[in-house]
>>> print(open('my_file02.pdb').read())   # PDB, C-alpha atoms
ATOM      1  CA  MET H  25       0.216 -12.727   6.619  1.00  0.00           C
ATOM      2  CA  ALA H  26      -1.266  -9.248   6.754  1.00  0.00           C
ATOM      3  CA  ASP H  27       1.040  -6.283   6.254  1.00  0.00           C
ATOM      4  CA  LEU H  28       1.877  -5.027   9.737  1.00  0.00           C
ATOM      5  CA  PHE H  29       2.163  -1.352   8.761  1.00  0.00           C
ATOM      6  CA  THR H  30      -0.692   0.006   6.663  1.00  0.00           C
ATOM      7  CA  VAL H  31      -2.044   3.394   5.572  1.00  0.00           C
ATOM      8  CA  GLU H  32      -5.348   3.861   3.839  1.00  0.00           C
ATOM      9  CA  ILE H  33      -7.040   7.014   2.611  1.00  0.00           C
ATOM     10  CA  THR H  34     -10.665   6.293   1.818  1.00  0.00           C
ATOM     11  CA  ASP H  35     -13.915   7.984   0.893  1.00  0.00           C
ATOM     12  CA  VAL H  36     -15.866   5.051   2.335  1.00  0.00           C
ATOM     13  CA  PRO H  37     -17.353   5.408   5.870  1.00  0.00           C
ATOM     14  CA  LEU H  38     -14.899   4.178   8.499  1.00  0.00           C
ATOM     15  CA  ASP H  39     -16.098   0.990  10.196  1.00  0.00           C
ATOM     16  CA  VAL H  40     -14.175   1.236  13.484  1.00  0.00           C
ATOM     17  CA  PRO H  41     -15.265  -2.128  14.997  1.00  0.00           C
ATOM     18  CA  ALA H  42     -14.331  -3.964  11.781  1.00  0.00           C
ATOM     19  CA  ARG H  43     -10.956  -2.189  11.607  1.00  0.00           C
ATOM     20  CA  THR H  44     -10.248  -2.984  15.241  1.00  0.00           C
ATOM     21  CA  GLU H  45     -11.168  -6.628  14.736  1.00  0.00           C
ATOM     22  CA  ALA H  46      -8.941  -6.927  11.654  1.00  0.00           C
ATOM     23  CA  PHE H  47      -5.934  -5.206  13.246  1.00  0.00           C
ATOM     24  CA  PRO H  48      -3.040  -7.700  13.391  1.00  0.00           C
ATOM     25  CA  ARG H  49      -1.873  -8.899  16.783  1.00  0.00           C
ATOM     26  CA  GLN H  50       0.802 -11.443  17.456  1.00  0.00           C
ATOM     27  CA  ALA H  51      -0.501 -13.939  19.980  1.00  0.00           C
ATOM     28  CA  GLN H  52       2.883 -14.670  21.507  1.00  0.00           C
ATOM     29  CA  THR H  53       4.288 -11.158  21.827  1.00  0.00           C
ATOM     30  CA  THR H  54       1.612  -8.446  21.624  1.00  0.00           C
ATOM     31  CA  GLY H  55       0.683  -7.226  25.075  1.00  0.00           C
ATOM     32  CA  ALA H  56      -0.981  -3.938  24.190  1.00  0.00           C
ATOM     33  CA  VAL H  57      -3.001  -2.382  21.410  1.00  0.00           C
ATOM     34  CA  VAL H  58      -3.775   1.322  21.667  1.00  0.00           C
ATOM     35  CA  SER H  59      -6.158   2.863  19.181  1.00  0.00           C
ATOM     36  CA  PHE H  60      -7.493   6.343  18.630  1.00  0.00           C
ATOM     37  CA  VAL H  61     -10.613   7.470  16.787  1.00  0.00           C
ATOM     38  CA  GLY H  62     -11.107  11.094  15.762  1.00  0.00           C
ATOM     39  CA  TYR H  63     -14.682  12.201  15.080  1.00  0.00           C
ATOM     40  CA  VAL H  64     -16.222  15.183  13.317  1.00  0.00           C
ATOM     41  CA  ARG H  65     -17.453  17.613  15.974  1.00  0.00           C
ATOM     42  CA  GLY H  66     -20.798  19.166  15.178  1.00  0.00           C
ATOM     43  CA  GLU H  67     -20.090  22.556  16.775  1.00  0.00           C
ATOM     44  CA  GLY H  68     -21.791  25.018  14.434  1.00  0.00           C
ATOM     45  CA  ILE H  69     -21.307  22.904  11.343  1.00  0.00           C
ATOM     46  CA  GLN H  70     -23.569  20.673   9.309  1.00  0.00           C
ATOM     47  CA  ALA H  71     -20.899  18.948   7.191  1.00  0.00           C
ATOM     48  CA  MET H  72     -17.159  18.632   6.657  1.00  0.00           C
ATOM     49  CA  ALA H  73     -15.279  17.851   3.454  1.00  0.00           C
ATOM     50  CA  LEU H  74     -11.718  16.584   3.315  1.00  0.00           C
ATOM     51  CA  GLU H  75      -9.292  16.400   0.459  1.00  0.00           C
ATOM     52  CA  HIS H  76      -5.769  15.069   0.134  1.00  0.00           C
ATOM     53  CA  TYR H  77      -2.738  14.846  -2.126  1.00  0.00           C
ATOM     54  CA  PRO H  78      -3.005  11.310  -3.534  1.00  0.00           C
ATOM     55  CA  GLY H  79       0.229   9.414  -3.026  1.00  0.00           C
ATOM     56  CA  MET H  80       1.916  12.034  -0.869  1.00  0.00           C
ATOM     57  CA  THR H  81      -0.594  11.754   1.971  1.00  0.00           C
ATOM     58  CA  GLU H  82      -0.004   8.007   2.145  1.00  0.00           C
ATOM     59  CA  SER H  83       3.811   8.271   1.930  1.00  0.00           C
ATOM     60  CA  SER H  84       3.908  11.032   4.531  1.00  0.00           C
ATOM     61  CA  ILE H  85       1.867   8.990   7.032  1.00  0.00           C
ATOM     62  CA  ARG H  86       3.966   5.931   6.246  1.00  0.00           C
ATOM     63  CA  ASP H  87       7.130   7.971   7.050  1.00  0.00           C
ATOM     64  CA  THR H  88       5.529   8.982  10.352  1.00  0.00           C
ATOM     65  CA  MET H  89       4.787   5.360  11.231  1.00  0.00           C
ATOM     66  CA  ASP H  90       8.382   4.407  10.347  1.00  0.00           C
ATOM     67  CA  SER H  91       9.634   7.187  12.663  1.00  0.00           C
ATOM     68  CA  ALA H  92       7.401   5.855  15.447  1.00  0.00           C
ATOM     69  CA  ALA H  93       8.792   2.358  14.890  1.00  0.00           C
ATOM     70  CA  ARG H  94      12.349   3.696  15.252  1.00  0.00           C
ATOM     71  CA  ARG H  95      11.474   5.325  18.589  1.00  0.00           C
ATOM     72  CA  TRP H  96       9.402   2.563  20.161  1.00  0.00           C
ATOM     73  CA  PRO H  97       9.197  -1.215  19.695  1.00  0.00           C
ATOM     74  CA  VAL H  98       6.094  -1.112  17.491  1.00  0.00           C
ATOM     75  CA  GLN H  99       4.914  -4.487  16.213  1.00  0.00           C
ATOM     76  CA  ALA H 100       2.097  -3.259  13.987  1.00  0.00           C
ATOM     77  CA  ALA H 101       0.472   0.058  13.132  1.00  0.00           C
ATOM     78  CA  SER H 102      -2.456   1.129  10.962  1.00  0.00           C
ATOM     79  CA  VAL H 103      -3.857   4.484   9.962  1.00  0.00           C
ATOM     80  CA  VAL H 104      -7.123   4.949   8.101  1.00  0.00           C
ATOM     81  CA  HIS H 105      -8.099   8.515   7.183  1.00  0.00           C
ATOM     82  CA  ARG H 106     -11.341   9.634   5.596  1.00  0.00           C
ATOM     83  CA  VAL H 107     -11.645  12.011   2.684  1.00  0.00           C
ATOM     84  CA  GLY H 108     -14.831  13.196   1.001  1.00  0.00           C
ATOM     85  CA  THR H 109     -17.902  14.577   2.742  1.00  0.00           C
ATOM     86  CA  LEU H 110     -18.575  13.741   6.388  1.00  0.00           C
ATOM     87  CA  SER H 111     -21.317  14.553   8.890  1.00  0.00           C
ATOM     88  CA  PRO H 112     -21.030  15.452  12.580  1.00  0.00           C
ATOM     89  CA  GLY H 113     -20.318  12.300  14.575  1.00  0.00           C
ATOM     90  CA  ASP H 114     -18.633  10.465  11.684  1.00  0.00           C
ATOM     91  CA  PRO H 115     -15.226   8.916  12.391  1.00  0.00           C
ATOM     92  CA  ILE H 116     -12.570  10.826  10.449  1.00  0.00           C
ATOM     93  CA  VAL H 117      -9.354   9.057  11.446  1.00  0.00           C
ATOM     94  CA  TRP H 118      -8.442   5.770  13.110  1.00  0.00           C
ATOM     95  CA  VAL H 119      -4.958   4.908  14.359  1.00  0.00           C
ATOM     96  CA  ALA H 120      -3.948   1.639  15.997  1.00  0.00           C
ATOM     97  CA  VAL H 121      -0.588   0.533  17.364  1.00  0.00           C
ATOM     98  CA  ALA H 122       0.463  -2.849  18.759  1.00  0.00           C
ATOM     99  CA  SER H 123       3.422  -3.350  21.052  1.00  0.00           C
ATOM    100  CA  ALA H 124       4.601  -5.705  23.776  1.00  0.00           C
ATOM    101  CA  HIS H 125       3.789  -3.159  26.496  1.00  0.00           C
ATOM    102  CA  ARG H 126       1.296  -0.344  26.878  1.00  0.00           C
ATOM    103  CA  ALA H 127       3.714   2.568  27.367  1.00  0.00           C
ATOM    104  CA  ALA H 128       5.208   2.153  23.890  1.00  0.00           C
ATOM    105  CA  ALA H 129       1.776   1.648  22.311  1.00  0.00           C
ATOM    106  CA  PHE H 130       0.326   4.791  23.956  1.00  0.00           C
ATOM    107  CA  SER H 131       3.342   6.914  23.015  1.00  0.00           C
ATOM    108  CA  ALA H 132       3.553   5.684  19.437  1.00  0.00           C
ATOM    109  CA  CYS H 133      -0.172   6.267  18.870  1.00  0.00           C
ATOM    110  CA  ASP H 134       0.071   9.792  20.311  1.00  0.00           C
ATOM    111  CA  PHE H 135       3.152  10.514  18.189  1.00  0.00           C
ATOM    112  CA  ILE H 136       1.538   9.281  14.978  1.00  0.00           C
ATOM    113  CA  MET H 137      -1.554  11.473  15.523  1.00  0.00           C
ATOM    114  CA  ASP H 138       0.530  14.544  16.395  1.00  0.00           C
ATOM    115  CA  TYR H 139       2.749  14.151  13.336  1.00  0.00           C
ATOM    116  CA  LEU H 140      -0.164  13.364  11.060  1.00  0.00           C
ATOM    117  CA  LYS H 141      -1.865  16.614  12.038  1.00  0.00           C
ATOM    118  CA  VAL H 142       1.043  18.796  10.949  1.00  0.00           C
ATOM    119  CA  SER H 143       2.700  16.821   8.166  1.00  0.00           C
ATOM    120  CA  ALA H 144       0.113  14.813   6.224  1.00  0.00           C
ATOM    121  CA  PRO H 145      -1.324  16.796   3.304  1.00  0.00           C
ATOM    122  CA  LEU H 146      -5.031  16.790   4.146  1.00  0.00           C
ATOM    123  CA  TRP H 147      -7.335  19.791   4.152  1.00  0.00           C
ATOM    124  CA  LYS H 148     -10.713  20.313   5.774  1.00  0.00           C
ATOM    125  CA  ARG H 149     -13.582  22.526   4.746  1.00  0.00           C
ATOM    126  CA  GLU H 150     -16.567  23.063   6.949  1.00  0.00           C
ATOM    127  CA  GLN H 151     -20.125  23.837   6.000  1.00  0.00           C
ATOM    128  CA  SER H 152     -21.701  26.148   8.519  1.00  0.00           C
ATOM    129  CA  LEU H 153     -25.358  25.998   9.509  1.00  0.00           C
ATOM    130  CA  ASP H 154     -26.196  28.709   6.948  1.00  0.00           C
ATOM    131  CA  GLY H 155     -24.873  26.426   4.192  1.00  0.00           C
ATOM    132  CA  SER H 156     -21.670  28.315   3.351  1.00  0.00           C
ATOM    133  CA  TRP H 157     -18.332  26.477   3.072  1.00  0.00           C
ATOM    134  CA  SER H 158     -15.013  27.695   4.453  1.00  0.00           C
ATOM    135  CA  TRP H 159     -11.514  26.235   4.764  1.00  0.00           C
ATOM    136  CA  THR H 160     -10.441  25.210   8.249  1.00  0.00           C
ATOM    137  CA  GLU H 161      -7.518  27.205   9.661  1.00  0.00           C
ATOM    138  CA  ALA H 162      -4.455  25.295  10.884  1.00  0.00           C
ATOM    139  CA  LYS H 163      -4.083  25.421  14.680  1.00  0.00           C
ATOM    140  CA  SER H 164      -0.853  26.464  16.356  1.00  0.00           C
ATOM    141  CA  ALA H 165      -1.742  24.095  19.227  1.00  0.00           C
ATOM    142  CA  ASP H 166      -1.227  21.209  16.776  1.00  0.00           C
ATOM    143  CA  GLU H 167       2.264  22.488  15.999  1.00  0.00           C
ATOM    144  CA  ASP H 168       3.000  22.835  19.712  1.00  0.00           C
ATOM    145  CA  ARG H 169       2.018  19.222  20.274  1.00  0.00           C
ATOM    146  CA  ALA H 170       4.199  18.000  17.399  1.00  0.00           C
ATOM    147  CA  GLU H 171       7.148  20.035  18.669  1.00  0.00           C
ATOM    148  CA  ARG H 172       7.074  18.012  21.894  1.00  0.00           C
ATOM    149  CA  TRP H 173       8.468  15.139  19.811  1.00  0.00           C
ATOM    150  CA  GLY H 174      11.162  17.276  18.214  1.00  0.00           C
ATOM    151  CA  TRP H 175       9.130  18.075  15.092  1.00  0.00           C
ATOM    152  CA  GLN H 176      10.493  21.044  13.188  1.00  0.00           C
ATOM    153  CA  LYS H 177       8.458  22.983  10.716  1.00  0.00           C
ATOM    154  CA  GLN H 178       9.657  22.312   7.207  1.00  0.00           C
ATOM    155  CA  GLY H 179       9.140  24.292   4.095  1.00  0.00           C
ATOM    156  CA  ARG H 180       9.815  27.832   3.126  1.00  0.00           C
ATOM    157  CA  VAL H 181      12.928  29.501   4.445  1.00  0.00           C
ATOM    158  CA  SER H 182      11.773  32.860   5.741  1.00  0.00           C
ATOM    159  CA  ALA H 183      13.077  35.811   3.800  1.00  0.00           C
TER
ATOM    160  CA  MET W 146       5.813  21.504 -16.157  1.00  0.00           C
ATOM    161  CA  GLU W 147       2.351  21.080 -14.643  1.00  0.00           C
ATOM    162  CA  VAL W 148       2.357  22.476 -11.108  1.00  0.00           C
ATOM    163  CA  GLN W 149      -0.402  21.052  -8.925  1.00  0.00           C
ATOM    164  CA  LEU W 150      -2.428  23.241  -6.591  1.00  0.00           C
ATOM    165  CA  PHE W 151      -4.419  21.929  -3.660  1.00  0.00           C
ATOM    166  CA  ALA W 152      -7.269  23.018  -1.406  1.00  0.00           C
ATOM    167  CA  ARG W 153      -7.712  26.808  -1.233  1.00  0.00           C
ATOM    168  CA  LEU W 154      -4.999  27.407  -3.837  1.00  0.00           C
ATOM    169  CA  ARG W 155      -6.800  25.179  -6.336  1.00  0.00           C
ATOM    170  CA  GLU W 156     -10.018  27.018  -5.606  1.00  0.00           C
ATOM    171  CA  LEU W 157      -8.395  30.439  -6.121  1.00  0.00           C
ATOM    172  CA  ALA W 158      -6.780  29.305  -9.374  1.00  0.00           C
ATOM    173  CA  GLY W 159      -9.984  27.675 -10.614  1.00  0.00           C
ATOM    174  CA  ALA W 160      -7.802  24.781 -11.804  1.00  0.00           C
ATOM    175  CA  GLU W 161      -6.037  21.754 -10.356  1.00  0.00           C
ATOM    176  CA  SER W 162      -2.768  22.619 -12.063  1.00  0.00           C
ATOM    177  CA  ILE W 163      -0.940  25.411 -13.833  1.00  0.00           C
ATOM    178  CA  SER W 164       1.374  24.938 -16.778  1.00  0.00           C
ATOM    179  CA  VAL W 165       4.774  26.617 -16.361  1.00  0.00           C
ATOM    180  CA  THR W 166       7.387  26.947 -19.132  1.00  0.00           C
ATOM    181  CA  PRO W 167      10.286  27.295 -19.090  1.00  0.00           C
ATOM    182  CA  VAL W 168      10.841  25.643 -15.719  1.00  0.00           C
ATOM    183  CA  PRO W 169      12.573  27.979 -13.229  1.00  0.00           C
ATOM    184  CA  ALA W 170      15.602  26.580 -11.375  1.00  0.00           C
ATOM    185  CA  SER W 171      14.300  26.772  -7.807  1.00  0.00           C
ATOM    186  CA  VAL W 172      11.115  26.604  -5.782  1.00  0.00           C
ATOM    187  CA  ALA W 173      11.470  30.323  -4.997  1.00  0.00           C
ATOM    188  CA  ALA W 174      11.710  31.217  -8.686  1.00  0.00           C
ATOM    189  CA  LEU W 175       8.797  28.936  -9.531  1.00  0.00           C
ATOM    190  CA  ARG W 176       6.658  30.459  -6.803  1.00  0.00           C
ATOM    191  CA  LYS W 177       7.529  33.932  -8.054  1.00  0.00           C
ATOM    192  CA  LYS W 178       6.775  33.078 -11.673  1.00  0.00           C
ATOM    193  CA  ILE W 179       3.367  31.584 -10.886  1.00  0.00           C
ATOM    194  CA  ALA W 180       2.518  34.494  -8.575  1.00  0.00           C
ATOM    195  CA  ALA W 181       3.469  37.065 -11.228  1.00  0.00           C
ATOM    196  CA  GLU W 182       0.945  35.599 -13.657  1.00  0.00           C
ATOM    197  CA  ALA W 183      -1.775  34.872 -11.090  1.00  0.00           C
ATOM    198  CA  SER W 184      -4.830  36.750  -9.883  1.00  0.00           C
ATOM    199  CA  PRO W 185      -4.195  39.073  -6.904  1.00  0.00           C
ATOM    200  CA  GLU W 186      -5.866  36.569  -4.544  1.00  0.00           C
ATOM    201  CA  LEU W 187      -3.785  33.612  -5.733  1.00  0.00           C
ATOM    202  CA  ARG W 188      -0.627  35.738  -5.720  1.00  0.00           C
ATOM    203  CA  GLU W 189      -1.218  36.725  -2.124  1.00  0.00           C
ATOM    204  CA  ALA W 190      -1.897  33.107  -1.160  1.00  0.00           C
ATOM    205  CA  LEU W 191       1.285  31.840  -2.869  1.00  0.00           C
ATOM    206  CA  GLU W 192       3.407  34.493  -1.179  1.00  0.00           C
ATOM    207  CA  ASP W 193       2.145  33.451   2.258  1.00  0.00           C
ATOM    208  CA  PRO W 194       5.166  31.959   4.069  1.00  0.00           C
ATOM    209  CA  ASN W 195       2.919  29.204   5.412  1.00  0.00           C
ATOM    210  CA  VAL W 196       2.168  27.845   1.953  1.00  0.00           C
ATOM    211  CA  PHE W 197       4.143  24.645   1.384  1.00  0.00           C
ATOM    212  CA  CYS W 198       5.832  23.307  -1.716  1.00  0.00           C
ATOM    213  CA  ALA W 199       6.381  19.601  -2.300  1.00  0.00           C
ATOM    214  CA  VAL W 200       8.824  18.353  -4.915  1.00  0.00           C
ATOM    215  CA  ASN W 201       8.334  14.687  -5.776  1.00  0.00           C
ATOM    216  CA  LYS W 202       5.929  14.382  -2.821  1.00  0.00           C
ATOM    217  CA  ARG W 203       8.324  15.765  -0.204  1.00  0.00           C
ATOM    218  CA  VAL W 204       7.975  19.174   1.449  1.00  0.00           C
ATOM    219  CA  VAL W 205      10.978  21.316   0.566  1.00  0.00           C
ATOM    220  CA  GLY W 206      12.262  24.814   1.226  1.00  0.00           C
ATOM    221  CA  ASP W 207      12.307  27.721  -1.217  1.00  0.00           C
ATOM    222  CA  GLU W 208      15.960  27.088  -2.061  1.00  0.00           C
ATOM    223  CA  HIS W 209      15.253  23.571  -3.345  1.00  0.00           C
ATOM    224  CA  PRO W 210      16.036  23.048  -7.052  1.00  0.00           C
ATOM    225  CA  VAL W 211      13.342  22.067  -9.531  1.00  0.00           C
ATOM    226  CA  ALA W 212      13.758  20.533 -12.961  1.00  0.00           C
ATOM    227  CA  ASP W 213      11.568  19.389 -15.798  1.00  0.00           C
ATOM    228  CA  GLY W 214      10.108  16.005 -14.885  1.00  0.00           C
ATOM    229  CA  ASP W 215       9.775  16.807 -11.170  1.00  0.00           C
ATOM    230  CA  GLU W 216       6.316  16.529  -9.632  1.00  0.00           C
ATOM    231  CA  VAL W 217       5.607  19.842  -7.924  1.00  0.00           C
ATOM    232  CA  GLY W 218       2.659  20.872  -5.781  1.00  0.00           C
ATOM    233  CA  PHE W 219       1.798  23.915  -3.668  1.00  0.00           C
ATOM    234  CA  PHE W 220      -0.613  23.738  -0.756  1.00  0.00           C
ATOM    235  CA  PRO W 221      -1.760  25.525   2.420  1.00  0.00           C
ATOM    236  CA  PRO W 222      -1.005  24.270   5.950  1.00  0.00           C
ATOM    237  CA  MET W 223      -2.341  20.791   6.642  1.00  0.00           C
ATOM    238  CA  THR W 224      -5.568  20.433   8.602  1.00  0.00           C
ATOM    239  CA  GLY W 225      -6.105  16.675   8.727  1.00  0.00           C
ATOM    240  CA  GLY W 226      -6.681  14.380  11.661  1.00  0.00           C
TER
END
>>> encode(input="my_file02.pdb", output="structure tokens")
Amino acid sequence: MADLFTVEITDVPLDVPARTEAFPRQAQTTGAVVSFVGYVRGEGIQAMALEHYPGMTESSIRDTMDSAARRWPVQAASVVHRVGTLSPGDPIVWVAVASAHRAAAFSACDFIMDYLKVSAPLWKREQSLDGSWSWTEAKSADEDRAERWGWQKQGRVSA
Amino acid sequence: MEVQLFARLRELAGAESISVTPVPASVAALRKKIAAEASPELREALEDPNVFCAVNKRVVGDEHPVADGDEVGFFPPMTGG
């Protein structure tokens, strides 16, 4: 039987239909599968490159999925996140959640994406149309979204 | 101890890790020691309160202890998803 909670960081293009097809459902009990796909927006950029902290990125996302499963009756969850070089329109992240009912599946999927944004060690660089690369700035709106779930910023204690 | 640097910090250091001996007792002391020996750009980046430290793959505060054998990494705010 397939593992019901999986995290994968990959430099291979994300095949969303294949992932969706392979996502485990339980015929007797699963009533809802909610999935989310994030794509690279092409606004003023010609490419995006992503890097991660091998091992920690996976464990951090796995912790987030475990938190979601404590809050809602999640039957299965998968996250696949791209690293490497991507082009506008490429899928960058795919999250799927299975539950008995849609409310839990929607909420858990939303929660996993919000937490992933602020707590999974992944970093983007963008290549502008003139060819130069720059690091993407973190957005405070992402922190605001995560705080809705009670997320608290960790890390350095301010002096 | 080899301290790993990620993303912009790695770029500023021109290396994926920095060797630190002897190992300071806390994250704060480690941060300070690396900054003191770094280029002005890397020093400024390390002193940014938004730069995270992970010990054994968990984000920790400046007061967290470190010891030889720990896996330590510094990195800027996450921008995945």
>>> interface_residues(input="my_file02.pdb", of="chain W", to="chain H", cutoff="10 Å", atoms="all atoms listed in the file", output="PDB file with C-alpha atoms, in the frame of the given file")
ATOM      1  CA  GLN W 149      -0.402  21.052  -8.925  1.00  0.00           C
ATOM      2  CA  LEU W 150      -2.428  23.241  -6.591  1.00  0.00           C
ATOM      3  CA  PHE W 151      -4.419  21.929  -3.660  1.00  0.00           C
ATOM      4  CA  ALA W 152      -7.269  23.018  -1.406  1.00  0.00           C
ATOM      5  CA  ARG W 153      -7.712  26.808  -1.233  1.00  0.00           C
ATOM      6  CA  VAL W 172      11.115  26.604  -5.782  1.00  0.00           C
ATOM      7  CA  ALA W 173      11.470  30.323  -4.997  1.00  0.00           C
ATOM      8  CA  ASP W 193       2.145  33.451   2.258  1.00  0.00           C
ATOM      9  CA  PRO W 194       5.166  31.959   4.069  1.00  0.00           C
ATOM     10  CA  ASN W 195       2.919  29.204   5.412  1.00  0.00           C
ATOM     11  CA  VAL W 196       2.168  27.845   1.953  1.00  0.00           C
ATOM     12  CA  PHE W 197       4.143  24.645   1.384  1.00  0.00           C
ATOM     13  CA  CYS W 198       5.832  23.307  -1.716  1.00  0.00           C
ATOM     14  CA  ALA W 199       6.381  19.601  -2.300  1.00  0.00           C
ATOM     15  CA  ASN W 201       8.334  14.687  -5.776  1.00  0.00           C
ATOM     16  CA  LYS W 202       5.929  14.382  -2.821  1.00  0.00           C
ATOM     17  CA  ARG W 203       8.324  15.765  -0.204  1.00  0.00           C
ATOM     18  CA  VAL W 204       7.975  19.174   1.449  1.00  0.00           C
ATOM     19  CA  VAL W 205      10.978  21.316   0.566  1.00  0.00           C
ATOM     20  CA  GLY W 206      12.262  24.814   1.226  1.00  0.00           C
ATOM     21  CA  ASP W 207      12.307  27.721  -1.217  1.00  0.00           C
ATOM     22  CA  GLU W 208      15.960  27.088  -2.061  1.00  0.00           C
ATOM     23  CA  HIS W 209      15.253  23.571  -3.345  1.00  0.00           C
ATOM     24  CA  GLY W 218       2.659  20.872  -5.781  1.00  0.00           C
ATOM     25  CA  PHE W 220      -0.613  23.738  -0.756  1.00  0.00           C
ATOM     26  CA  PRO W 221      -1.760  25.525   2.420  1.00  0.00           C
ATOM     27  CA  PRO W 222      -1.005  24.270   5.950  1.00  0.00           C
ATOM     28  CA  MET W 223      -2.341  20.791   6.642  1.00  0.00           C
ATOM     29  CA  THR W 224      -5.568  20.433   8.602  1.00  0.00           C
ATOM     30  CA  GLY W 225      -6.105  16.675   8.727  1.00  0.00           C
ATOM     31  CA  GLY W 226      -6.681  14.380  11.661  1.00  0.00           C
TER      32      GLY W 226
END
>>> atom_distance(input="my_file02.pdb", atom1="atom CA of H:Cys133", atom2="atom CA of H:Pro115")
16.6 Å
>>> resolve_selection(input="my_file02.pdb", expression="the PyMOL selection byres ((chain H and resi 34) around 9)", output="list in words")
Glu32, Ile33, Asp35, Val36, Pro37, Leu38, Val104, His105, Arg106, Val107 and Gly108 of chain H
>>> residues_around(input="my_file02.pdb", residues="H:Gln70", least_positions_apart="6", cutoff="7 Å", atoms="all atoms listed in the file", output="PyMOL selection string")
chain H and resi 111-112+151-153
>>> write_last_selection(input="my_file02.pdb", atoms="C-alpha atoms", output="PDB file, keeping the file's coordinate frame")
ATOM      1  CA  SER H 111     -21.317  14.553   8.890  1.00  0.00           C
ATOM      2  CA  PRO H 112     -21.030  15.452  12.580  1.00  0.00           C
ATOM      3  CA  GLN H 151     -20.125  23.837   6.000  1.00  0.00           C
ATOM      4  CA  SER H 152     -21.701  26.148   8.519  1.00  0.00           C
ATOM      5  CA  LEU H 153     -25.358  25.998   9.509  1.00  0.00           C
TER       6      LEU H 153
END
>>> closest_residue(input="my_file02.pdb", among="H:Ala56, H:Ala73, H:Ala120, H:Ala165", to="H:Arg43", atoms="only C-alpha atoms")
H:Ala120
>>> residues_around(input="my_file02.pdb", residues="H:Val57", least_positions_apart="3", cutoff="9 Å", atoms="all atoms listed in the file", output="ChimeraX atom specification")
/H:49,54,120-126,129-130
>>> atom_distance(input="my_file02.pdb", atom1="atom CA of H:Gly66", atom2="atom CA of H:Leu110")
10.6 Å
>>> resolve_selection(input="my_file02.pdb", expression="the PyMOL selection byres ((chain H and resi 101) around 10)", output="PyMOL selection string")
chain H and resi 27-31+47-49+57-59+86+89-90+92-93+98-100+102-103+119-123+129+132-133+136
>>> atom_distance(input="my_file02.pdb", atom1="atom CA of H:Phe135", atom2="atom CA of W:Val217")
27.8 Å
>>> residues_around(input="my_file02.pdb", residues="W:Val168", least_positions_apart="5", cutoff="12 Å", atoms="only C-alpha atoms", output="list in words")
Met146, Glu147, Val148, Ile163, Ala173, Ala174, Leu175, Arg176, Lys177, Lys178, Ile179, Pro210, Val211, Ala212, Asp213, Gly214, Asp215, Glu216 and Val217 of chain W
